[in-house]
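Have a look at protein_5.cif below; it lists mmCIF, C-alpha atoms.
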data_protein
loop_
_atom_site.label_atom_id
_atom_site.label_comp_id
_atom_site.auth_asym_id
_atom_site.auth_seq_id
_atom_site.Cartn_x
_atom_site.Cartn_y
_atom_site.Cartn_z
CA MET A 158 142.72 63.94 73.37
CA THR A 159 143.42 66.08 70.28
CA LEU A 160 139.74 66.11 69.39
CA GLN A 161 138.78 67.24 72.91
CA ILE A 162 141.25 70.15 72.82
CA PHE A 163 139.98 71.19 69.39
CA ILE A 164 136.37 71.23 70.59
CA HIS A 165 137.46 73.16 73.68
CA LEU A 166 139.11 75.90 71.61
CA ILE A 167 136.18 76.12 69.22
CA THR A 168 133.84 76.57 72.21
CA VAL A 169 135.90 79.51 73.48
CA SER A 170 135.87 81.12 70.04
CA ILE A 171 132.12 80.74 69.57
CA ALA A 172 131.43 82.14 73.02
CA LEU A 173 133.28 85.35 72.16
CA CYS A 174 132.14 85.86 68.56
CA SER A 175 129.27 88.30 68.06
CA LYS A 176 128.03 91.22 65.98
CA VAL A 177 128.67 94.71 67.33
CA SER A 178 126.83 97.61 65.72
CA PHE A 179 127.76 101.28 65.80
CA ILE A 180 125.18 103.89 66.80
CA PRO A 181 125.67 107.55 67.66
CA ASN A 182 125.50 108.21 71.39
CA ALA A 183 121.92 109.44 71.70
CA SER A 184 121.54 109.36 75.47
CA PHE A 185 119.18 112.06 76.75
CA ASN A 186 121.13 112.34 80.01
CA LEU A 187 124.37 113.60 78.43
CA PRO A 188 124.92 117.39 78.58
CA GLN A 189 126.82 117.41 75.26
CA ASN A 190 123.66 116.31 73.47
CA PHE A 191 122.05 119.70 74.15
CA LYS A 192 122.69 122.99 72.39
CA ASP A 193 123.82 124.88 75.50
CA GLY A 194 125.92 121.94 76.78
CA ARG A 195 123.90 121.25 79.94
CA LEU A 196 120.97 119.11 80.95
CA PRO A 197 117.51 120.71 81.02
CA CYS A 198 115.70 121.37 84.29
CA SER A 199 112.07 121.31 85.36
CA LYS A 200 111.38 124.85 84.08
CA GLN A 201 112.45 124.05 80.52
CA THR A 202 110.68 122.42 77.59
CA VAL A 203 112.82 120.02 75.57
CA VAL A 204 112.64 120.47 71.81
CA PHE A 205 113.68 117.56 69.57
CA PRO A 206 114.59 117.97 65.89
CA ASN A 207 111.99 116.98 63.29
CA THR A 208 113.83 113.72 62.59
CA VAL A 209 115.87 111.64 65.04
CA ALA A 210 117.98 108.98 63.33
CA ALA A 211 119.13 107.10 66.43
CA SER A 212 116.94 105.92 69.29
CA VAL A 213 117.07 108.46 72.11
CA ILE A 214 117.38 106.75 75.49
CA ILE A 215 115.79 108.67 78.38
CA GLU A 216 117.07 107.36 81.70
CA SER A 217 115.31 107.64 85.04
CA GLY A 218 115.39 110.85 87.05
CA VAL A 219 114.51 113.30 84.25
CA SER A 220 112.42 116.29 85.32
CA VAL A 221 111.39 118.79 82.62
CA SER A 222 108.46 121.08 81.93
CA GLY A 223 107.48 119.20 78.77
CA PHE A 224 108.54 117.70 75.43
CA ILE A 225 108.13 118.80 71.82
CA LEU A 226 108.51 115.43 70.12
CA PRO A 227 110.07 114.69 66.70
CA GLU A 228 107.93 113.79 63.70
CA ASP A 229 110.08 110.75 62.96
CA GLY A 230 112.24 108.83 65.43
CA ASP A 231 112.28 106.63 68.51
CA LEU A 232 112.32 107.64 72.17
CA ILE A 233 113.15 104.83 74.60
CA ILE A 234 112.18 105.45 78.22
CA ASP A 235 114.35 103.39 80.54
CA ASP A 236 113.03 101.90 83.78
CA GLY A 237 112.28 104.67 86.25
CA ILE A 238 110.27 107.84 86.76
CA ILE A 239 110.11 110.88 84.45
CA GLU A 240 108.51 114.02 85.93
CA LEU A 241 106.74 116.61 83.79
CA GLY A 242 106.08 120.07 85.18
CA GLU A 243 107.95 122.56 87.30
CA LYS A 244 109.26 121.37 90.66
CA TYR A 245 109.05 123.79 93.57
CA ASP A 246 112.28 122.53 95.14
CA ASP A 247 114.25 122.76 91.88
CA ASN A 248 117.15 125.23 91.91
CA CYS A 249 116.80 125.76 88.17
CA THR A 250 117.15 129.41 87.16
CA VAL A 251 116.77 128.91 83.39
CA ASN A 252 113.40 129.19 81.64
CA GLY A 253 112.36 128.61 78.05
CA LYS A 254 113.41 125.79 75.77
CA ALA A 255 116.30 123.32 75.73
CA PHE A 256 117.22 122.07 72.24
CA TYR A 257 118.30 118.45 71.86
CA PHE A 258 120.46 117.52 68.90
CA GLU A 259 122.06 114.26 67.85
CA LYS A 260 125.72 114.11 68.64
CA SER A 261 127.45 113.36 65.36
CA ILE A 262 131.09 113.54 66.48
CA THR A 263 132.25 110.54 68.47
CA SER A 264 135.22 108.22 68.92
CA TRP A 265 135.89 104.49 68.76
CA ASN A 266 136.69 104.25 72.49
CA GLU A 267 133.32 105.54 73.71
CA PRO A 268 131.45 102.61 75.29
CA ASP A 269 127.90 103.78 74.58
CA VAL A 270 128.26 104.03 70.79
CA TRP A 271 128.28 100.24 70.40
CA ILE A 272 125.41 97.80 70.85
CA SER A 273 125.47 94.01 70.87
CA SER A 274 123.43 91.10 72.10
CA LYS A 275 126.44 89.92 74.12
CA PHE A 276 126.42 93.05 76.31
CA ASN A 277 124.52 93.01 79.59
CA LYS A 278 124.44 95.04 82.82
CA ALA A 279 127.58 93.30 84.09
CA THR A 280 129.72 93.97 80.98
CA PRO A 281 132.49 96.50 81.75
CA ASP A 282 132.71 99.60 79.55
CA ALA A 283 136.20 98.50 78.47
CA GLU A 284 134.56 95.49 76.80
CA ARG A 285 131.66 97.41 75.27
CA ILE A 286 133.82 98.11 72.23
CA PRO A 287 134.56 95.66 69.39
CA CYS A 288 136.76 92.71 70.32
CA TYR A 289 139.15 90.70 68.18
CA ASP A 290 136.46 88.15 67.24
CA ASP A 291 133.57 90.55 66.53
CA VAL A 292 131.88 91.53 63.30
CA VAL A 293 131.62 95.36 63.31
CA GLU A 294 128.69 96.86 61.45
CA PHE A 295 128.01 100.49 60.49
CA PRO A 296 124.33 100.72 59.49
CA ALA A 297 123.20 102.71 56.49
CA ASN A 298 121.34 106.03 56.78
CA THR A 299 123.26 107.13 59.88
CA THR A 300 125.19 110.39 60.10
CA PHE A 301 128.40 110.50 62.12
CA ILE A 302 132.01 111.59 62.35
CA LEU A 303 134.02 108.80 63.96
CA PHE A 304 137.57 109.23 65.25
CA LEU A 305 139.41 105.95 64.79
CA PRO A 306 141.50 104.41 67.61
CA GLU A 307 145.08 105.43 68.39
CA LYS A 308 146.11 101.80 68.97
CA THR A 309 145.44 99.12 66.38
CA GLN A 310 142.26 97.18 67.09
CA TYR A 311 141.65 93.76 65.55
CA VAL A 312 138.19 92.67 64.37
CA ARG A 313 136.91 89.73 62.37
CA ASP A 314 134.98 91.74 59.77
CA ILE A 315 133.94 95.31 58.94
CA VAL A 316 130.56 95.95 57.31
CA ILE A 317 129.67 99.49 56.15
CA SER A 318 126.17 100.04 54.76
CA GLY A 319 125.86 96.33 54.02
CA LYS A 320 129.23 95.99 52.23
CA LYS A 321 132.08 93.95 53.72
CA TYR A 322 135.65 95.29 53.81
CA ASP A 323 139.03 93.81 54.61
CA THR A 324 142.05 95.76 55.85
CA VAL A 325 143.17 96.95 52.39
CA THR A 326 139.75 97.89 51.04
CA LEU A 327 138.87 99.58 54.34
CA ARG A 328 141.99 101.75 54.14
CA ASN A 329 141.16 102.70 50.56
CA TYR A 330 137.56 103.51 51.51
CA ILE A 331 138.63 105.76 54.38
CA ASN A 332 141.31 107.57 52.38
CA ASN A 333 138.92 108.20 49.48
CA GLN A 334 135.58 108.34 51.28
CA ALA A 335 132.89 110.07 49.26
CA ASP A 336 129.97 109.78 51.67
CA GLN A 337 130.06 113.00 53.69
CA ASN A 338 127.34 111.72 56.04
CA GLN A 339 129.64 108.97 57.33
CA ARG A 340 133.19 110.13 57.89
CA PHE A 341 136.05 108.19 59.46
CA VAL A 342 138.87 110.34 60.88
CA VAL A 343 142.27 108.63 61.09
CA ASN A 344 144.34 108.87 64.26
CA THR A 345 147.23 111.23 64.95
CA HIS A 346 149.66 108.72 63.42
CA GLN A 347 147.75 108.98 60.14
CA ASP A 348 146.82 105.35 60.48
CA VAL A 349 143.42 103.75 60.15
CA GLY A 350 143.88 101.90 63.45
CA ILE A 351 141.67 98.98 62.36
CA SER A 352 142.92 95.61 61.17
CA VAL A 353 140.53 93.01 59.77
CA LYS A 354 141.82 89.61 60.75
CA TYR A 355 140.18 86.27 61.37
CA SER A 356 141.51 84.85 64.63
CA THR A 357 140.41 82.55 67.41
CA CYS A 358 141.39 82.20 71.04
CA ARG A 359 143.83 79.30 71.33
CA SER A 360 144.44 79.61 75.05
CA PRO A 361 142.42 77.40 77.46
CA SER A 362 142.80 80.17 80.04
CA GLY A 363 140.90 82.65 77.83
CA CYS A 364 141.95 85.74 75.85
CA PRO A 365 141.54 89.48 76.41
CA CYS A 366 139.21 91.52 74.26
CA GLN A 367 142.14 93.28 72.55
CA THR A 368 145.88 92.89 72.80
CA GLU A 369 146.19 96.69 72.64
CA THR A 370 143.91 98.00 75.36
CA LEU A 371 142.31 101.39 74.72
CA GLU A 372 141.72 103.99 77.39
CA ILE A 373 137.95 104.26 77.55
CA ASP A 374 136.44 107.75 77.30
CA CYS A 375 134.22 107.89 80.39
CA SER A 376 133.36 111.59 79.94
CA THR A 377 130.41 110.63 77.73
CA LYS A 378 129.11 108.00 80.13
CA PHE A 379 125.97 108.65 82.18
CA CYS A 380 126.35 107.15 85.66
CA PRO A 381 123.11 106.72 87.64
CA GLU A 382 123.18 106.97 91.42
CA PRO A 383 123.88 103.49 92.89
CA SER A 384 120.99 102.05 94.88
CA CYS A 385 123.17 100.29 97.46
CA VAL A 386 125.51 100.96 100.35
CA ASP A 387 129.23 100.73 99.42
CA PRO A 388 128.96 100.28 95.63
CA VAL A 389 131.90 98.67 93.81
CA GLN A 390 133.76 99.67 90.65
CA PRO A 391 135.07 96.70 88.66
CA ILE A 392 138.05 96.91 86.29
CA GLY A 393 137.01 98.67 83.10
CA HIS A 394 133.81 100.19 84.52
CA CYS A 395 133.27 103.94 84.25
CA CYS A 396 130.65 103.91 87.00
CA LYS A 397 130.25 102.37 90.42
CA ILE A 398 127.69 99.60 90.47
CA CYS A 399 125.81 97.39 92.93
CA GLY A 400 126.76 93.73 92.92
CA GLY A 401 129.74 91.46 93.44
CA VAL A 402 133.18 91.44 91.81
CA MET A 403 135.95 88.87 91.91
CA ALA A 404 139.35 89.31 90.18
CA PHE A 405 142.38 87.01 90.34
CA ASP A 406 145.64 86.31 88.51
CA VAL A 407 145.78 83.23 86.29
CA ASP A 408 148.40 81.27 84.39
CA LYS A 409 148.23 78.89 81.43
CA SER A 410 146.86 76.10 83.64
CA PHE A 411 143.63 78.02 84.33
CA ASP A 412 140.57 76.42 82.74
CA PHE A 413 138.34 79.24 81.48
CA ILE A 414 135.50 76.97 80.38
CA LYS A 415 135.39 75.08 83.68
CA PHE A 416 135.27 78.33 85.63
CA GLN A 417 132.48 79.58 83.40
CA GLU A 418 130.51 76.38 84.03
CA THR A 419 130.97 76.82 87.79
CA VAL A 420 129.72 80.40 87.64
CA GLU A 421 126.77 79.37 85.49
CA SER A 422 125.81 76.65 87.97
CA VAL A 423 125.94 78.98 90.99
CA VAL A 424 124.04 81.76 89.23
CA LYS A 425 121.40 79.26 88.17
CA SER A 426 121.01 78.07 91.78
CA TYR A 427 120.32 81.66 92.88
CA GLY A 428 117.88 82.23 90.03
CA LYS A 429 119.08 82.62 86.47
CA ASP A 430 116.27 85.06 85.70
CA ASP A 431 117.34 87.29 88.60
CA LEU A 432 121.09 87.63 87.96
CA VAL A 433 123.43 88.38 85.06
CA TYR A 434 127.20 87.96 84.98
CA HIS A 435 130.24 88.68 82.82
CA ILE A 436 133.65 87.00 82.80
CA GLY A 437 136.45 88.98 81.17
CA ARG A 438 140.19 88.76 80.76
CA PHE A 439 142.40 91.80 81.45
CA GLY A 440 146.06 90.92 80.89
CA ASN A 441 146.87 88.12 83.33
CA GLN A 442 143.73 88.71 85.37
CA VAL A 443 140.30 87.18 85.07
CA GLN A 444 137.41 89.24 86.40
CA LEU A 445 133.91 88.08 87.27
CA VAL A 446 131.11 90.64 87.66
CA VAL A 447 127.64 89.60 88.90
CA VAL A 448 124.74 92.03 89.18
CA ASP A 449 121.01 91.82 89.76
CA LYS A 450 119.03 91.85 86.55
CA GLY A 451 116.43 94.17 88.07
CA ASP A 452 116.66 96.30 91.20
CA TYR A 453 119.53 95.48 93.51
CA THR A 454 118.56 93.08 96.31
CA GLY A 455 121.97 91.80 97.42
CA LEU A 456 121.52 88.43 95.70
CA SER A 457 124.40 89.11 93.31
CA ALA A 458 126.80 89.77 96.19
CA GLU A 459 125.77 86.49 97.83
CA ALA A 460 126.37 84.60 94.56
CA VAL A 461 129.93 85.96 94.23
CA ASN A 462 130.61 85.05 97.85
CA THR A 463 129.47 81.48 97.15
CA ILE A 464 131.71 81.25 94.08
CA ASP A 465 134.68 82.63 96.00
CA TYR A 466 134.11 80.13 98.83
CA GLY A 467 133.86 77.23 96.34
CA MET A 468 137.25 78.06 94.79
CA GLU A 469 138.89 77.09 98.12
CA LYS A 470 141.58 79.76 97.72
CA ARG A 471 143.13 78.08 94.69
CA PHE A 472 143.67 81.59 93.37
CA ALA A 473 144.45 84.74 95.33
CA ALA A 474 141.15 86.37 94.48
CA LEU A 475 140.27 89.95 95.34
CA THR A 476 136.56 89.84 96.11
CA ARG A 477 134.37 92.87 96.73
CA TYR A 478 130.69 93.11 97.51
CA SER A 479 128.17 95.90 97.70
CA GLY A 480 126.30 96.50 100.91
CA SER A 481 122.57 96.29 101.48
CA PRO A 482 120.08 98.17 99.28
CA ILE A 483 119.60 101.80 100.28
CA SER A 484 115.88 101.15 100.69
CA LYS A 485 116.72 98.63 103.47
CA SER A 486 119.80 100.26 104.94
CA GLY A 487 119.62 101.61 108.48
CA TYR A 488 116.93 99.16 109.57
CA GLY A 489 118.89 98.30 112.71
CA GLY A 490 119.12 101.93 113.75
CA LYS A 491 115.47 102.53 112.94
CA ILE A 492 114.43 99.54 115.04
CA PHE A 493 116.62 100.72 117.94
CA ILE A 494 115.13 104.22 117.85
CA SER A 495 111.61 102.83 117.65
CA MET A 496 112.19 100.51 120.62
CA PHE A 497 113.80 103.35 122.58
CA PHE A 498 110.77 105.60 122.16
CA LEU A 499 108.45 102.68 122.93
CA VAL A 500 110.21 101.98 126.24
CA VAL A 501 110.21 105.68 127.16
CA SER A 502 106.49 105.90 126.38
CA VAL A 503 105.66 102.86 128.53
CA LEU A 504 107.70 104.18 131.45
CA GLY A 505 106.02 107.58 131.08
CA ILE A 506 102.56 106.01 131.20
CA ILE A 507 103.48 103.99 134.31
CA TYR A 508 104.84 107.11 136.02
CA LEU A 509 101.71 109.13 135.26
CA TYR A 510 99.45 106.34 136.44
CA PHE A 511 101.15 105.74 139.79
CA TYR A 512 102.24 109.27 140.72
CA LYS A 513 100.34 111.92 138.85
CA MET A 514 96.86 110.61 138.12
CA PRO A 515 94.09 112.06 140.39
CA GLN A 516 91.68 109.92 142.40
CA PHE A 517 88.53 108.89 140.58
CA HIS A 518 85.24 108.48 142.53
CA PHE A 519 82.46 106.26 141.21
CA PRO A 520 79.22 106.34 143.31
CA MET A 521 77.17 103.18 143.79
CA PHE A 522 73.76 103.89 142.41
CA GLY A 523 70.53 102.64 144.03
CA ARG A 524 71.42 103.46 147.69
CA SER A 525 70.34 106.33 149.92
CA ASP A 526 73.80 106.58 151.41
CA PRO A 527 76.06 105.92 148.48
CA ARG A 528 79.41 104.49 149.14
CA ILE A 529 82.41 105.67 147.25
CA PHE A 530 84.81 103.55 145.24
CA THR A 531 88.21 105.15 145.46
CA ARG A 532 91.36 103.85 143.96
CA PHE A 533 94.10 103.06 146.44
CA ASN A 534 96.71 105.73 146.78
CA ARG A 535 99.90 104.38 145.26
CA ARG A 536 101.81 106.92 147.25
CA THR A 537 100.74 108.61 150.51
CA GLU A 538 102.22 110.98 153.05
CA SER A 539 99.84 109.89 155.90
CA VAL A 540 101.10 108.02 158.98
CA VAL A 541 99.34 104.98 160.41
CA SER A 542 99.32 105.10 164.25
CA LEU A 543 99.19 101.97 166.38
CA ALA A 544 97.38 102.70 169.65
CA ARG A 545 95.24 101.00 172.28
CA LYS A 546 91.58 101.06 171.49
CA ASP A 547 90.62 102.39 174.96
CA SER A 548 93.15 105.19 174.67
CA ILE A 549 91.30 106.75 171.74
CA THR A 550 89.30 109.78 172.79
CA PRO A 551 85.83 109.57 171.29
CA THR A 552 84.95 112.64 169.30
CA GLY A 553 81.69 111.54 167.86
CA ALA A 554 83.38 110.58 164.63
CA SER A 555 85.57 107.63 163.95
CA SER A 556 89.22 108.39 163.55
CA SER A 557 90.82 107.23 160.37
CA THR A 558 94.21 106.89 162.07
CA ALA A 559 93.26 104.20 164.67
CA PHE A 560 94.28 100.64 164.21
CA ARG A 561 93.13 97.68 166.35
CA ASN A 562 95.92 95.22 166.87
CA PRO A 563 94.57 91.67 167.48
CA LEU A 564 97.88 90.65 169.05
CA TYR A 565 97.47 93.39 171.66
CA ASP A 566 94.05 92.00 172.69
CA SER A 567 95.39 88.50 173.11
CA ILE A 568 98.30 89.72 175.28
CA LYS A 569 95.90 91.78 177.43
CA SER A 570 93.62 88.77 178.10
CA ARG A 571 96.57 86.59 179.07
CA SER A 572 97.85 89.12 181.60
CA ARG A 573 94.40 89.29 183.31
CA VAL A 574 94.35 85.50 183.69
CA GLU A 575 97.81 85.54 185.28
CA GLU A 576 96.74 88.25 187.79
CA SER A 577 93.69 86.20 188.92
CA ILE A 578 95.82 83.14 189.61
CA ALA A 579 98.26 85.18 191.71
CA GLU A 580 95.50 86.65 193.90
CA ASN A 581 94.24 83.20 194.76
#
Could you rewrite the structure in this file as structure tokens?
Amino acid sequence: MTLQIFIHLITVSIALCSKVSFIPNASFNLPQNFKDGRLPCSKQTVVFPNTVAASVIIESGVSVSGFILPEDGDLIIDDGIIELGEKYDDNCTVNGKAFYFEKSITSWNEPDVWISSKFNKATPDAERIPCYDDVVEFPANTTFILFLPEKTQYVRDIVISGKKYDTVTLRNYINNQADQNQRFVVNTHQDVGISVKYSTCRSPSGCPCQTETLEIDCSTKFCPEPSCVDPVQPIGHCCKICGGVMAFDVDKSFDFIKFQETVESVVKSYGKDDLVYHIGRFGNQVQLVVVDKGDYTGLSAEAVNTIDYGMEKRFAALTRYSGSPISKSGYGGKIFISMFFLVVSVLGIIYLYFYKMPQFHFPMFGRSDPRIFTRFNRRTESVVSLARKDSITPTGASSSTAFRNPLYDSIKSRSRVEESIAEN
């Protein structure tokens, strides 16, 4: 039993441990990364500096007149469309050039200044900062001014330009830093705010990222427009997203590993290559976030619904799902409108055919006295008269209103026979 618990705790620790690297926030879609503090429009040409240290990420939806590219650096174009050239429907009133520069002043609690292999689309911004079991690395040849956290954050190791530091040596380095290209600014309490400490999660119910939770700075976060109806905003997310979210309170009896295995099994059944998920701990709550790896299709919402149903209400879970993709939303209304116009069109054709269409005459060719084919009148104002044949006054032309009733002839013959019998 002791061996099983030990293996269990080691598994939790290994699952959380990872390397987190610091990079300046070089997103193209942030206004503060431009000289005039606003994003360029389709009438402006974007000018990059000669050298770009960090990789500049250009998200979808950018529309500019053109680019003047750097001589050295990386530009990463995210999935989407980038338009070059002036747009006629653009309300941009500024011409000329927009100058991009690398933001060098940043803070520890900005989510987009950290990168790690453990982050995915489902990871909340509150957990896109170093956790207690992470190795934090500051690469060499990067220029930045970093404001350290107000609340003490625990990490496993700190590596600056390839050199490892503990709490004491880190404090000495920051207080006597000589490298002006990399500057660490202590918090308002004149404290470093970073403690290097090796620790593992000893709770089977999981552990939060940090015991002292930081308030994430979402002002530097670029939020794309959600591609779904009724997007959701999980705990710790700066932006609304498309997918499924489930959060519930737990106690010490909660089995974090077993829940993770359940989620992994369900996600795999829906297609592991199509979905990504993240399980995090916020205080006494556990939160599951599942999103589509590519474009939103609604599969992630279905997966969370399946997981919620399988828990059989063992926990009072708050579950939220996004609606259908915007590209497919409104199909019911569109079908109704289409059917409505189809029915109206059919009724209109029937009305024109029976009431408004003129008579068409087709002569029979090959005869001296051609007969005429005429369509039957669907509606007529003429009156059919029933009269005796011998009461019709001959006019040299047959009347089109006479009608010979065979019943009348039979009654007439019978009356003549009765008269003959009476005379005899």
Practice problem: Using the chain letters and numbers from the file, give me the residues hit by the PyMOL selection byres ((chain A and resi 263-277) around 8), as a ChimeraX atom specification. | Solution: /A:175-182,260-262,278-280,282-287,301-306,371-375,377-378,433-435
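Between Lys415 in chain A and the candidates A:Val448, A:Leu504, A:Leu187, A:Met468, the tightest atom-to-atom separation, counting only C-alpha atoms, involves A:Met468.
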Quiz item: Using only C-alpha atoms, which residues sit within 9 Å of Asp387 in chain A once same-chain residues fewer than 5 positions away are excluded, as a VMD selection string?
Solution: chain A and resid 399 478 to 481
Practice problem: Could you please determine the separation between CA of Glu216 in chain A and CA of Pro281 in chain A in Å, to one decimal place? | Solution: 18.9 Å
Practice problem: Return as number ranges by chain the set of residues that the PyMOL selection byres ((chain A and resi 241) around 8) yields on the displayed structure. | Solution: A: 199, 220-223, 239-240, 242-243
Self-check item: Atomic distance CA of Lys321 in chain A - CA of Ile351 in chain A, expressed in Å with one decimal
Solution: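 Taking CA of Lys321 in chain A and CA of Ile351 in chain A, their separation equals 13.9 Å.
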Quiz item: Applied to the shown file, which residues does the PyMOL selection byres ((chain A and resi 457-459) around 10) return, written as a PyMOL selection string?
Solution: chain A and resi 399-402+424+427+431-434+446-450+453-456+460-465+476-481
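Taking all atoms listed in the file into account, the polymer residues that have an atom no farther than 10 Å from (150.0, 79.0, 79.0) are Arg359, Ser360, Pro361, Ser362, Gly363, Val407, Asp408, Lys409, Ser410 and Phe411 of chain A.
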